[in-house]
Amino acid sequence: MSKTTPPRTDPHRDESFDGPITPDAAEAAERETVEREQAELRDFVRTLSMADVKSGNWFEKLCEFALRNYTEKVDWRYFQQKYPGMPADLIVDQRIKLAARYASLEGGITAGAYTGAVAATIGTIGGASPLAIPAAATSAMVDIAYVTRLQLHLAYDIAVLYRVPLDIGDPSDLWKLVKVAFGIKATEAAGNGALKLVPLAVRPLVRKFVSGPTLKAVQNLPLIGTHVLQRHIIKIGIPAVGVPLSVGINFYSTKVIGAHARSIFRNEARIIEVADKLCRQTRHPELLPWVALAVILADRRTADDETVLLRYLLQALVSRYEVDDEEFAELIDLDRREVWDRVRHAPGDKSDLILAAEQVASIDAAVNAQEKRVLDELRACCV
């Protein structure tokens with residue numbers, strides 16, 4: 001086998017080259033891989049109609065196309081073999097850099113194929129049209145599909161690396177992944193940042209373009225599809241700055257989404273770790289959910305981190321102790337006095353409940369006054 005043009009079977013997987021190669025050879029191999037994947041996605045885009053694009057069905061179909069085989073092959077064991085002994089944080093950094101590099105390379109390849117009419121074409125053809133996507137719009141949709149799949153894979157990789165369980169066959173888990181990969185916050189950040197990549201001389205033109213008729217033409221697409229499409233409108237609509245701007249937007253948006261996914265899934269991994277630790281350390285598994293809920297409801301509002309902690313805590317208790325409390329599951333209003341009465345009558349050392357309650361109180365932020373009051377009440381019950 002030649003040592004100068006080693007193939008890469010998947011740009012998302014950072015395959016190792018077979019021996020030393022020159023930077024030019026590496027770039028050529030990466031470009032070849034991108035072009036091969038573009039061809040694959042071009043075949044996918046040809047299965048779509050303009051009705052699919054207009055209705056938003058293209059996004060649902062792309063998610064199924066992007067994840068069906070990928071999630072069967074990529075798991076924690078895959079990353080253990082590829083990066084033996086490396087901490088998850090370092091691997092995540094590598095995946096984000098790799099994805100951003102491929103996104104920018106793809107942006108440079110496709111930027112020259114756009115015309116100013118492409119975005120308006122996508123947005124204005126009737127929703128009931130059964131017609132195939134026009135040739136002028138196909139390149140744009142291949143670009144959008146490529147970057148969308150790349151960023152979806154990146155978010156999934158990060159979840160796997162932090163060992164956050166995701167069952168893509170479960171609609172709620174799939175929706176969680178999609179929200180992380182294409183959430184409004186991440187998309188807005190990418191859109192605002194994209195303007196910074198534009199030369200000063202043409203920024204007024206960009207502002208005028210993205211707030212004009214072309215943008216309005218796509219506003220009736222479904223929410224996620226609209227945000228994905230809007231992120232590409234600048235580079236589609238201004239050929240004069242197409243190549244550098246397309247490269248920049250692809251690179252920056254992928255970096256932003258990678259950082260967003262890392263923040264979300266790393267935090268969830270932290271919560272899972274806390275839940276497992278509380279489960280292992282408790283001497284009162286039947287009481288632990290009640291005490292945790294008393295603390296969570298102390299300030300009469302429930303933070304997302306608190307809800308996630310309680311969910312993983314209950315799963316861990318079922319797995320480790322087979323604790324499945326129907327009374328707790330059917331609870332509507334919690335009476336703290338009843339909880340404290342249970343604690344008072346529990347046998348043995350109850351310091352584990354105090355330590356658990358303290359960790360629950362601090363899971364989302366600094367302990368507030370209401371939570372401190374509940375902790376004091378619990379300590380009094382444990383004397």
# chains A, B, ... in the order shown; residues from 1 in each chain; ligands from 1
call {"tool": "residues_around", "arguments": {"residues": "Phe59 (chain A)", "least_positions_apart": "3", "cutoff": "9 Å", "atoms": "only C-alpha atoms", "output": "PyMOL selection string"}}
result
chain A and resi 52-53+56+62-64+145+148+224-225
call {"tool": "residues_around", "arguments": {"residues": "Glu35 (chain A)", "least_positions_apart": "2", "cutoff": "12 Å", "atoms": "only C-alpha atoms", "output": "number ranges by chain"}}
result
A: 8-11, 28-33, 37-42, 102-103, 105-110, 142-143, 146
call {"tool": "select_by_dssp", "arguments": {"residues": "region 225-362 of chain A", "states": "alpha helix (DSSP H)", "output": "compact mmCIF listing (two decimals) with C-alpha atoms, in the first residue's frame"}}
result
# COMPACT_ATOMS: atom_id res chain seq x y z
CA GLY A 225 -34.89 23.11 9.77
CA THR A 226 -35.28 26.89 9.71
CA HIS A 227 -32.33 27.43 12.00
CA VAL A 228 -30.15 25.01 10.08
CA LEU A 229 -31.06 26.67 6.79
CA GLN A 230 -30.63 30.21 8.13
CA ARG A 231 -27.14 29.37 9.29
CA HIS A 232 -26.23 28.72 5.65
CA ILE A 233 -28.03 31.67 4.06
CA ILE A 234 -25.12 34.13 4.21
CA LYS A 235 -22.70 31.91 2.36
CA ILE A 236 -25.38 30.82 -0.12
CA GLY A 237 -26.44 34.36 -0.95
CA GLY A 242 -18.40 32.82 -0.72
CA VAL A 243 -15.29 30.73 -0.20
CA PRO A 244 -13.69 32.40 2.85
CA LEU A 245 -17.08 33.05 4.43
CA SER A 246 -18.33 29.51 3.80
CA VAL A 247 -15.15 28.05 5.29
CA GLY A 248 -15.44 30.36 8.28
CA ILE A 249 -19.11 29.72 8.97
CA ASN A 250 -18.73 25.95 8.72
CA PHE A 251 -15.68 26.01 10.99
CA TYR A 252 -17.09 28.41 13.55
CA SER A 253 -20.58 26.88 13.76
CA THR A 254 -19.11 23.40 14.23
CA LYS A 255 -16.81 24.66 16.99
CA VAL A 256 -19.72 26.41 18.72
CA ILE A 257 -21.96 23.36 18.53
CA GLY A 258 -19.13 21.13 19.75
CA ALA A 259 -18.53 23.41 22.73
CA HIS A 260 -22.27 23.49 23.45
CA ALA A 261 -22.52 19.69 23.30
CA ARG A 262 -19.47 19.35 25.54
CA SER A 263 -21.01 21.70 28.12
CA ILE A 264 -24.36 19.89 28.15
CA PHE A 265 -23.15 16.30 28.14
CA ARG A 266 -20.20 16.89 30.49
CA ASN A 267 -22.59 18.42 33.00
CA GLU A 268 -24.95 15.48 32.65
CA ALA A 269 -22.01 13.10 33.17
CA ARG A 270 -21.17 14.99 36.37
CA ILE A 271 -24.75 14.52 37.59
CA ILE A 272 -24.71 10.81 36.74
CA GLU A 273 -21.49 10.48 38.73
CA VAL A 274 -23.09 12.19 41.74
CA ALA A 275 -26.18 9.97 41.52
CA ASP A 276 -24.04 6.80 41.40
CA LYS A 277 -21.97 8.01 44.34
CA LEU A 278 -25.03 8.79 46.46
CA CYS A 279 -26.47 5.38 45.63
CA ARG A 280 -23.27 3.55 46.58
CA GLN A 281 -22.79 5.43 49.84
CA LEU A 288 -32.90 8.64 49.85
CA PRO A 289 -35.42 9.65 47.13
CA TRP A 290 -37.72 11.24 49.72
CA VAL A 291 -34.93 13.27 51.27
CA ALA A 292 -33.61 14.30 47.85
CA LEU A 293 -37.06 15.46 46.74
CA ALA A 294 -37.55 17.43 49.97
CA VAL A 295 -34.38 19.35 49.20
CA ILE A 296 -35.22 19.82 45.52
CA ASP A 304 -33.11 21.01 35.21
CA ASP A 305 -30.01 19.64 36.96
CA GLU A 306 -32.13 18.65 39.96
CA THR A 307 -34.62 16.80 37.77
CA VAL A 308 -31.82 14.98 35.95
CA LEU A 309 -30.19 14.04 39.26
CA LEU A 310 -33.41 12.60 40.66
CA ARG A 311 -34.02 10.60 37.48
CA TYR A 312 -30.57 9.00 37.50
CA LEU A 313 -30.72 8.48 41.26
CA LEU A 314 -33.96 6.53 40.96
CA GLN A 315 -32.51 4.43 38.14
CA ALA A 316 -29.40 3.67 40.20
CA LEU A 317 -31.47 2.70 43.25
CA VAL A 318 -33.57 0.29 41.18
CA SER A 319 -30.44 -1.22 39.62
CA ARG A 320 -28.43 -1.54 42.84
CA TYR A 321 -31.04 -2.14 45.54
CA GLU A 326 -44.84 3.09 44.02
CA GLU A 327 -45.90 5.58 46.67
CA PHE A 328 -43.07 7.89 45.64
CA ALA A 329 -43.89 7.49 41.94
CA ARG A 336 -41.90 17.46 54.51
CA ARG A 337 -43.22 16.63 57.96
CA GLU A 338 -43.99 13.11 56.79
CA VAL A 339 -40.51 12.78 55.32
CA TRP A 340 -38.87 13.92 58.56
CA ASP A 341 -41.06 11.46 60.48
CA ARG A 342 -39.74 8.64 58.28
CA VAL A 343 -36.19 9.81 58.92
CA ARG A 344 -36.66 9.92 62.71
CA HIS A 345 -37.89 6.32 62.78
CA SER A 351 -25.21 10.89 58.41
CA ASP A 352 -25.36 9.46 54.87
CA LEU A 353 -28.73 11.19 54.38
CA ILE A 354 -27.29 14.53 55.50
CA LEU A 355 -24.33 14.22 53.13
CA ALA A 356 -26.65 13.22 50.29
CA ALA A 357 -28.97 16.16 50.96
CA GLU A 358 -26.04 18.58 50.93
CA GLN A 359 -24.92 17.32 47.53
CA VAL A 360 -28.45 17.51 46.13
CA ALA A 361 -28.74 21.11 47.36
call {"tool": "atom_distance", "arguments": {"atom1": "CA of Tyr156 (chain A)", "atom2": "CA of Ile144 (chain A)"}}
result
18.2 Å
call {"tool": "closest_atom_pairs", "arguments": {"of": "region 34-109 of chain A", "to": "region 165-178 of chain A", "cutoff": "9 Å", "atoms": "only C-alpha atoms", "output": "tab-separated table"}}
result
residue	atom	partner	partner_atom	distance
A:Cys63	CA	A:Val178	CA	8.6
A:Leu67	CA	A:Ile168	CA	7.8
A:Arg68	CA	A:Ile168	CA	8.6
A:Thr71	CA	A:Ile168	CA	7.8
call {"tool": "closest_residue", "arguments": {"among": "A:Ala88, A:Leu150, A:Ala140, A:Met50", "to": "Tyr70 (chain A)", "atoms": "only C-alpha atoms"}}
result
A:Leu150
call {"tool": "atom_distance", "arguments": {"atom1": "CA of Thr282 (chain A)", "atom2": "CA of Asp299 (chain A)"}}
result
24.4 Å
call {"tool": "residues_around", "arguments": {"residues": "region 72-85 of chain A", "least_positions_apart": "4", "cutoff": "8 Å", "atoms": "only C-alpha atoms", "output": "MDAnalysis selection string"}}
result
chainID A and resid 68 91 157 160:161 163
call {"tool": "write_last_selection", "arguments": {"atoms": "C-alpha atoms", "output": "tab-separated table (two decimals), in the first residue's frame"}}
result
chain	number	residue	atom	x	y	z
A	68	ARG	CA	-28.98	4.49	11.59
A	91	ILE	CA	-10.71	13.08	23.28
A	157	ASP	CA	-19.63	11.30	19.89
A	160	VAL	CA	-20.77	8.63	24.12
A	161	LEU	CA	-17.42	9.88	25.39
A	163	ARG	CA	-21.02	8.01	28.88
